[in-house]
Amino acid sequence: MISYLQVENLKKSFGDLVLFEGITFGIDKDQKVALVAKNGTGKTSLFNIIAGLDSQDTGKITFRRDIKIGFLEQNPPLNLNNTIIDEVFHSSEDIKNAILEYNTAIETDNKDLLADSMEKMDHLQAWDYEVKVKQILTKLKIDKYDQQISTLSGGERKRVALATVLIEEPDLLLLDEPTNHLDLDMIEWLENYLKNTRSTLLMVTHDRYFLDRVCNEIIEMDNSKIYQYKGNYTYFVQKREERLNNEEALVEKAKNTLRKEEDWMRRMPKARTTKAKYRIDNYYQLKDVAGGGRTEEEMRISVQSSRMGKKIIEVKNLAKKFDDLTILNDFSYNFTKGEKIGIVGDNGTGKSTFLNLITGIIPADSGTADVGQTVVFGYYKQEGIKYKEDQRVIDIVQEIAEVVTLGNGRQMGVKEFLNFFLFPFDMHYTPISKLSGGEKRRLYLVTVLMRKPNFLILDEPTNDLDIMTLAVLEEYLSTFDGCVIVVSHDRFFMDQVVDHLFVFRGNGVVKDFPGSYTHYRQWLTKIEKAEKKESISVKKEKSQDKKTDLPKTKLSYKEQKEYEQLDQEIADLESEKEILEQEIGEGNLSSDDIIEKSHRIGEIIKLLDEKSDRWLELGEFV
């Protein structure tokens with residue numbers, strides 16, 4: 001194996017707080033590795049050190065000579081004065097100018113400029129580069145190349161930064177939460193792109209489907225130690241559980257033996273023989289093992305919700321527009337107790353606006369959202385927790401209450417309640433500004449649940465939360481007897497939590513889909529396949545109609561044979577893809593087999609696109 005990155009005995013601390021130490025691992029060529037850890041353990045700090053944006057206290061980082069590295073930060077620094085195209089091509093000025101000149105020539109029908117620009121494109125070998133750039137920008141829904149970075153939203157800036165990193169095709173890709181601010185279509189495209197890229201990959205993400213389908217190794221940071229798992233996320237979950245059980249059993253065994261040895265130590269005579277000294281040394285080693293159990297408590301959520309009456313929210317003929325953009329058009333729905341709804345749709349189709357309408361934060365143009373008297377909203381918003389610069393963790397929760405009532409009726413002080421959410425006593429007086437992104441989101445969740453809501457609205461709750469916290473939140477929501485609305489780009493989270501979906505299709509159209517997100521995607525894929533077949537059929541009919549008007553043109557013998565072969569090859573590939581998807585869905589495969597078959601599905605999708613386009617092209621002359 002060719003080593004691309006070697007991390008040896010890395011340590012990082014902030015004052016007395018040791019973030020991590022003794023971190024050692026390596027990344028080899030062609031590996032696709034995810035880093036998994038709880039919030040606050042230093043994932044982003046580790047990435048910044050590897051990328052050279054921060055320094056370690058001790059330890060060594062070694063890269064293979066002459067490899068190109070691309071780094072996507074959680075909050076990427078962009079030149080606000082640049083246009084999108086300037087930012088994307090910042091490392092290739094000549095190619096950028098040639099492509100811009102060529103596009104200008106096409107738009108203005110300037111034949112002289114076109115000839116000149118085509119010559120430059122040939123000289124710089126920029127044709128493939130232009131196709132790649134436009135493909136990536138289009139998939140990330142970036143189409144206004146001359147728009148200034150300063151005018152973009154935070155999510156749009158993240159997408160520009162992601163496009164810039166991918167376009168460069170580095171040897172080693174470092175991605176810190178790449179799926180944040182992407183809609184579901186973009187996430188699925190990125191998933192396929194990274195599965196098939198030649199770049200070696202090290203990333204942090206909370207998207208568990210993404211981890212399952214892209215990564216072939218998981219590195220876990222836990223209690224300042226590194227554990228490596230040679231498999232995808234499903235394999236990691238299984239092996240991590242085994243590791244924790246083994247560690248717990250070892251500690252328990254050591255504790256039992258330690259009790260006997262402590263009794264011997266108390267009765268031991270003062271004269272110490274060599275044999276006694278050996279047993280004493282073993283005693284202290286045993287004590288270390290017995291004290292080596294997990295010191296961190298697992299996060300728990302047990303909060304009492306307010307009583308909910310029969311009337312929840314009755315929405316009648318709700319409509320909302322912003323200038324020419326229609327968000328809702330004559331939408332009606334009656335919410336019932338206990339239902340859990342997911343909201344999906346492209347960015348800009350009005351998902352967050354809908355939440356603000358039913359909660360009365362913004363007025364509707366027409367129609368009503370009549371909220372029952374017993375409804376208590378718990379609204380977890382995208383923008384996260386709002387706090388003053390000098391506020392500490394304890395300050396923000398004490399503003400809400402001094403005592404919290406748990407699900408079993410027991411009352412608990414807010415300091416003890418914070419411990420439930422992995423904020424130990426020594427963090428209570430920490431300024432909120434000093435918390436990591438994930439810790440801020442976890443604290444925000446605390447403040448929402450403390451108000452005893454019976455109608456939870458979660459707008460992108462999974463951004464910045466670690467996988468362990470998400471699992472606990474999913475378990476809590478599964479037993480929550482109030483109503484839940486979730487807007488999320490985390491497909492796994494949606495599948496675990498929601499019963500049905502509101503699908504925002506744009507232009508005010510909202511459809512109620514009865515099923516999980518995975519069921520919706522399967523249905524949508526069938527519809528898209530049917531539409532594609534119909535489109536091919538229509539094009540073929542049109543080509544037949546044109547034959548009477550056009551000069552007769554025949555395929556060569558070689559092209560005729562190719563056309564016939566393509567028909568069979570496309571059918572064979574579609575059958576192979578269906579068989580592979582069925583085998584993966586049955587859940588009987590090993591992690592290596594899943595990875596291998598997932599890669600093959602990605603290859604088949606690519607081949608189907610290429611062969612279908614060629615089949616259509618040849619079909620014009622059949």
# chains A, B, ... in the order shown; residues from 1 in each chain; ligands from 1
call {"tool": "residues_around", "arguments": {"residues": "Lys310 of chain A", "least_positions_apart": "2", "cutoff": "9 Å", "atoms": "only C-alpha atoms", "output": "number ranges by chain"}}
result
A: 308, 312, 336-337, 372, 374
call {"tool": "select_by_dssp", "arguments": {"residues": "segment 288-431 of chain A", "states": "helix (DSSP H, G or I)", "output": "PyMOL selection string"}}
result
chain A and resi 288-290+351-358+393-398+414-420+425-427
call {"tool": "write_last_selection", "arguments": {"atoms": "N, CA and C atoms", "output": "PDB file, in the first residue's frame"}}
result
ATOM      1  N   ASP A 288      -5.276  -0.308  37.685  1.00  0.00           N
ATOM      2  CA  ASP A 288      -5.398   0.543  36.493  1.00  0.00           C
ATOM      3  C   ASP A 288      -6.478   0.028  35.553  1.00  0.00           C
ATOM      4  N   VAL A 289      -6.488  -1.289  35.341  1.00  0.00           N
ATOM      5  CA  VAL A 289      -7.494  -1.884  34.452  1.00  0.00           C
ATOM      6  C   VAL A 289      -8.891  -1.708  35.026  1.00  0.00           C
ATOM      7  N   ALA A 290      -9.045  -1.968  36.331  1.00  0.00           N
ATOM      8  CA  ALA A 290     -10.353  -1.854  36.986  1.00  0.00           C
ATOM      9  C   ALA A 290     -10.871  -0.427  36.972  1.00  0.00           C
ATOM     10  N   LYS A 351     -39.816  25.170   2.712  1.00  0.00           N
ATOM     11  CA  LYS A 351     -39.982  24.270   3.868  1.00  0.00           C
ATOM     12  C   LYS A 351     -39.967  25.050   5.189  1.00  0.00           C
ATOM     13  N   SER A 352     -38.953  25.901   5.376  1.00  0.00           N
ATOM     14  CA  SER A 352     -38.861  26.672   6.624  1.00  0.00           C
ATOM     15  C   SER A 352     -39.982  27.697   6.716  1.00  0.00           C
ATOM     16  N   THR A 353     -40.368  28.277   5.574  1.00  0.00           N
ATOM     17  CA  THR A 353     -41.482  29.239   5.562  1.00  0.00           C
ATOM     18  C   THR A 353     -42.766  28.575   6.043  1.00  0.00           C
ATOM     19  N   PHE A 354     -42.997  27.337   5.612  1.00  0.00           N
ATOM     20  CA  PHE A 354     -44.185  26.597   6.037  1.00  0.00           C
ATOM     21  C   PHE A 354     -44.224  26.448   7.560  1.00  0.00           C
ATOM     22  N   LEU A 355     -43.074  26.139   8.162  1.00  0.00           N
ATOM     23  CA  LEU A 355     -43.010  25.993   9.624  1.00  0.00           C
ATOM     24  C   LEU A 355     -43.333  27.314  10.312  1.00  0.00           C
ATOM     25  N   ASN A 356     -42.832  28.398   9.760  1.00  0.00           N
ATOM     26  CA  ASN A 356     -43.090  29.716  10.340  1.00  0.00           C
ATOM     27  C   ASN A 356     -44.551  30.133  10.168  1.00  0.00           C
ATOM     28  N   LEU A 357     -45.203  29.628   9.122  1.00  0.00           N
ATOM     29  CA  LEU A 357     -46.622  29.932   8.908  1.00  0.00           C
ATOM     30  C   LEU A 357     -47.494  29.222   9.931  1.00  0.00           C
ATOM     31  N   ILE A 358     -47.277  27.922  10.151  1.00  0.00           N
ATOM     32  CA  ILE A 358     -48.169  27.171  11.056  1.00  0.00           C
ATOM     33  C   ILE A 358     -47.927  27.537  12.517  1.00  0.00           C
ATOM     34  N   VAL A 393     -23.078  28.572  29.852  1.00  0.00           N
ATOM     35  CA  VAL A 393     -24.000  27.450  29.661  1.00  0.00           C
ATOM     36  C   VAL A 393     -25.107  27.483  30.698  1.00  0.00           C
ATOM     37  N   ILE A 394     -24.746  27.653  31.967  1.00  0.00           N
ATOM     38  CA  ILE A 394     -25.732  27.631  33.048  1.00  0.00           C
ATOM     39  C   ILE A 394     -26.710  28.788  32.953  1.00  0.00           C
ATOM     40  N   ASP A 395     -26.228  29.947  32.463  1.00  0.00           N
ATOM     41  CA  ASP A 395     -27.081  31.145  32.383  1.00  0.00           C
ATOM     42  C   ASP A 395     -28.275  30.918  31.464  1.00  0.00           C
ATOM     43  N   ILE A 396     -28.012  30.300  30.326  1.00  0.00           N
ATOM     44  CA  ILE A 396     -29.070  30.202  29.309  1.00  0.00           C
ATOM     45  C   ILE A 396     -30.156  29.210  29.703  1.00  0.00           C
ATOM     46  N   VAL A 397     -29.805  28.177  30.489  1.00  0.00           N
ATOM     47  CA  VAL A 397     -30.839  27.230  30.918  1.00  0.00           C
ATOM     48  C   VAL A 397     -31.599  27.773  32.135  1.00  0.00           C
ATOM     49  N   GLN A 398     -30.923  28.527  32.998  1.00  0.00           N
ATOM     50  CA  GLN A 398     -31.603  29.083  34.176  1.00  0.00           C
ATOM     51  C   GLN A 398     -32.585  30.181  33.792  1.00  0.00           C
ATOM     52  N   VAL A 414     -31.551  22.049  37.155  1.00  0.00           N
ATOM     53  CA  VAL A 414     -31.009  22.223  35.807  1.00  0.00           C
ATOM     54  C   VAL A 414     -29.545  21.790  35.703  1.00  0.00           C
ATOM     55  N   LYS A 415     -28.789  21.904  36.782  1.00  0.00           N
ATOM     56  CA  LYS A 415     -27.382  21.471  36.729  1.00  0.00           C
ATOM     57  C   LYS A 415     -27.292  19.970  36.504  1.00  0.00           C
ATOM     58  N   GLU A 416     -28.140  19.219  37.228  1.00  0.00           N
ATOM     59  CA  GLU A 416     -28.152  17.775  37.045  1.00  0.00           C
ATOM     60  C   GLU A 416     -28.691  17.422  35.662  1.00  0.00           C
ATOM     61  N   PHE A 417     -29.678  18.215  35.185  1.00  0.00           N
ATOM     62  CA  PHE A 417     -30.265  17.971  33.865  1.00  0.00           C
ATOM     63  C   PHE A 417     -29.236  18.177  32.757  1.00  0.00           C
ATOM     64  N   LEU A 418     -28.367  19.169  32.926  1.00  0.00           N
ATOM     65  CA  LEU A 418     -27.305  19.400  31.947  1.00  0.00           C
ATOM     66  C   LEU A 418     -26.384  18.176  31.844  1.00  0.00           C
ATOM     67  N   ASN A 419     -26.160  17.520  32.968  1.00  0.00           N
ATOM     68  CA  ASN A 419     -25.338  16.297  32.947  1.00  0.00           C
ATOM     69  C   ASN A 419     -25.959  15.211  32.070  1.00  0.00           C
ATOM     70  N   PHE A 420     -27.304  15.179  32.027  1.00  0.00           N
ATOM     71  CA  PHE A 420     -28.017  14.244  31.157  1.00  0.00           C
ATOM     72  C   PHE A 420     -27.556  14.400  29.714  1.00  0.00           C
ATOM     73  N   PHE A 425     -20.295  19.224  35.263  1.00  0.00           N
ATOM     74  CA  PHE A 425     -20.305  20.432  36.095  1.00  0.00           C
ATOM     75  C   PHE A 425     -19.205  21.416  35.705  1.00  0.00           C
ATOM     76  N   ASP A 426     -18.040  20.910  35.289  1.00  0.00           N
ATOM     77  CA  ASP A 426     -16.956  21.827  34.963  1.00  0.00           C
ATOM     78  C   ASP A 426     -17.187  22.596  33.651  1.00  0.00           C
ATOM     79  N   MET A 427     -18.272  22.255  32.924  1.00  0.00           N
ATOM     80  CA  MET A 427     -18.612  22.998  31.700  1.00  0.00           C
ATOM     81  C   MET A 427     -19.727  24.016  31.921  1.00  0.00           C
TER      82      MET A 427
END
call {"tool": "residues_around", "arguments": {"residues": "Phe493 of chain A", "least_positions_apart": "4", "cutoff": "9 Å", "atoms": "only C-alpha atoms", "output": "VMD selection string"}}
result
chain A and resid 207 to 208 462 470 to 471 474 488 to 489 497 to 498
call {"tool": "write_last_selection", "arguments": {"atoms": "C-alpha atoms", "output": "short mmCIF file (atom, residue, chain, number, x, y, z; two decimals), in the first residue's frame"}}
result
data_model
loop_
_atom_site.label_atom_id
_atom_site.label_comp_id
_atom_site.auth_asym_id
_atom_site.auth_seq_id
_atom_site.Cartn_x
_atom_site.Cartn_y
_atom_site.Cartn_z
CA ASP A 207 -24.87 11.11 7.53
CA ARG A 208 -24.96 7.38 8.22
CA THR A 462 -28.84 16.81 12.49
CA LEU A 470 -28.51 11.50 16.89
CA ALA A 471 -29.11 7.87 17.90
CA GLU A 474 -34.06 9.13 17.41
CA SER A 488 -33.79 17.19 7.47
CA HIS A 489 -31.33 16.20 4.77
CA VAL A 497 -38.33 8.98 12.88
CA VAL A 498 -41.12 9.86 10.40
#
call {"tool": "residues_around", "arguments": {"residues": "Asn192 of chain A", "least_positions_apart": "4", "cutoff": "12 Å", "atoms": "only C-alpha atoms", "output": "tab-separated table (two decimals) with N, CA and C atoms, in the first residue's frame"}}
result
chain	number	residue	atom	x	y	z
A	139	LYS	N	-24.79	20.15	-10.74
A	139	LYS	CA	-25.29	19.20	-9.75
A	139	LYS	C	-25.46	19.85	-8.39
A	185	ASP	N	-31.10	15.63	-3.16
A	185	ASP	CA	-30.61	15.26	-4.50
A	185	ASP	C	-29.09	15.48	-4.59
A	186	MET	N	-28.63	16.61	-4.04
A	186	MET	CA	-27.20	16.90	-4.06
A	186	MET	C	-26.41	15.88	-3.25
A	187	ILE	N	-26.96	15.49	-2.09
A	187	ILE	CA	-26.27	14.51	-1.24
A	187	ILE	C	-26.11	13.19	-1.98
A	188	GLU	N	-27.17	12.76	-2.66
A	188	GLU	CA	-27.11	11.49	-3.38
A	188	GLU	C	-26.14	11.58	-4.56
A	196	ASN	N	-16.97	7.01	-6.73
A	196	ASN	CA	-16.28	6.73	-7.99
A	196	ASN	C	-15.03	7.57	-8.22
A	197	THR	N	-14.77	8.55	-7.35
A	197	THR	CA	-13.61	9.41	-7.55
A	197	THR	C	-12.31	8.64	-7.29
A	209	TYR	N	-26.12	6.95	6.10
A	209	TYR	CA	-26.22	6.30	4.79
A	209	TYR	C	-24.99	6.65	3.95
A	210	PHE	N	-24.56	7.88	4.04
A	210	PHE	CA	-23.38	8.36	3.32
A	210	PHE	C	-22.16	7.53	3.75
A	211	LEU	N	-22.01	7.37	5.05
A	211	LEU	CA	-20.90	6.58	5.59
A	211	LEU	C	-20.96	5.13	5.09
A	213	ARG	N	-22.31	3.94	2.36
A	213	ARG	CA	-22.19	3.74	0.91
A	213	ARG	C	-20.87	4.24	0.33
A	214	VAL	N	-20.19	5.14	1.04
A	214	VAL	CA	-18.96	5.73	0.50
A	214	VAL	C	-17.70	5.16	1.15
A	215	CYS	N	-17.73	4.99	2.46
A	215	CYS	CA	-16.48	4.70	3.20
A	215	CYS	C	-16.21	3.20	3.32
A	598	SER	N	-21.87	-2.15	-3.93
A	598	SER	CA	-22.25	-0.73	-4.02
A	598	SER	C	-21.42	-0.01	-5.08
A	599	HIS	N	-20.12	-0.33	-5.11
A	599	HIS	CA	-19.25	0.26	-6.14
A	599	HIS	C	-19.71	-0.15	-7.54
A	600	ARG	N	-20.09	-1.43	-7.67
A	600	ARG	CA	-20.53	-1.93	-8.97
A	600	ARG	C	-21.82	-1.22	-9.42
A	601	ILE	N	-22.75	-0.95	-8.48
A	601	ILE	CA	-23.98	-0.23	-8.83
A	601	ILE	C	-23.65	1.16	-9.37
A	602	GLY	N	-22.68	1.84	-8.72
A	602	GLY	CA	-22.26	3.15	-9.21
A	602	GLY	C	-21.72	3.07	-10.64
A	603	GLU	N	-20.93	2.01	-10.92
A	603	GLU	CA	-20.39	1.83	-12.27
A	603	GLU	C	-21.51	1.57	-13.28
A	604	ILE	N	-22.50	0.77	-12.88
A	604	ILE	CA	-23.61	0.44	-13.78
A	604	ILE	C	-24.41	1.68	-14.14
A	605	ILE	N	-24.69	2.54	-13.14
A	605	ILE	CA	-25.46	3.76	-13.39
A	605	ILE	C	-24.75	4.63	-14.42
A	606	LYS	N	-23.43	4.72	-14.27
A	606	LYS	CA	-22.64	5.52	-15.20
A	606	LYS	C	-22.70	4.91	-16.61
call {"tool": "residues_around", "arguments": {"residues": "Ser55 of chain A", "least_positions_apart": "5", "cutoff": "10 Å", "atoms": "only C-alpha atoms", "output": "PyMOL selection string"}}
result
chain A and resi 11-12+45-46+48-50
call {"tool": "write_last_selection", "arguments": {"atoms": "C-alpha atoms", "output": "CSV table (one decimal), in the first residue's frame"}}
result
chain,number,residue,atom,x,y,z
A,11,LYS,CA,-1.5,15.9,21.1
A,12,LYS,CA,-3.6,19.1,21.2
A,45,SER,CA,-9.2,20.7,15.4
A,46,LEU,CA,-7.6,17.4,14.1
A,48,ASN,CA,-7.3,21.8,10.9
A,49,ILE,CA,-3.9,20.5,12.2
A,50,ILE,CA,-3.7,18.0,9.3
call {"tool": "residues_around", "arguments": {"residues": "segment 434-448 of chain A", "least_positions_apart": "6", "cutoff": "7 Å", "atoms": "only C-alpha atoms", "output": "ChimeraX atom specification"}}
result
/A:39-40,378-380,384-385,397,464-466
call {"tool": "write_last_selection", "arguments": {"atoms": "C-alpha atoms", "output": "short mmCIF file (atom, residue, chain, number, x, y, z; two decimals), in the first residue's frame"}}
result
data_model
loop_
_atom_site.label_atom_id
_atom_site.label_comp_id
_atom_site.auth_asym_id
_atom_site.auth_seq_id
_atom_site.Cartn_x
_atom_site.Cartn_y
_atom_site.Cartn_z
CA ASN A 39 -18.90 16.43 19.75
CA GLY A 40 -16.15 18.25 21.60
CA GLY A 378 -40.80 23.26 20.73
CA TYR A 379 -39.18 24.88 17.69
CA TYR A 380 -35.59 23.89 16.96
CA GLY A 384 -29.29 27.49 16.17
CA ILE A 385 -29.02 28.94 19.66
CA VAL A 397 -30.84 27.23 30.92
CA ASP A 464 -23.31 19.42 13.66
CA LEU A 465 -24.74 16.78 16.03
CA ASP A 466 -22.57 13.69 16.43
#
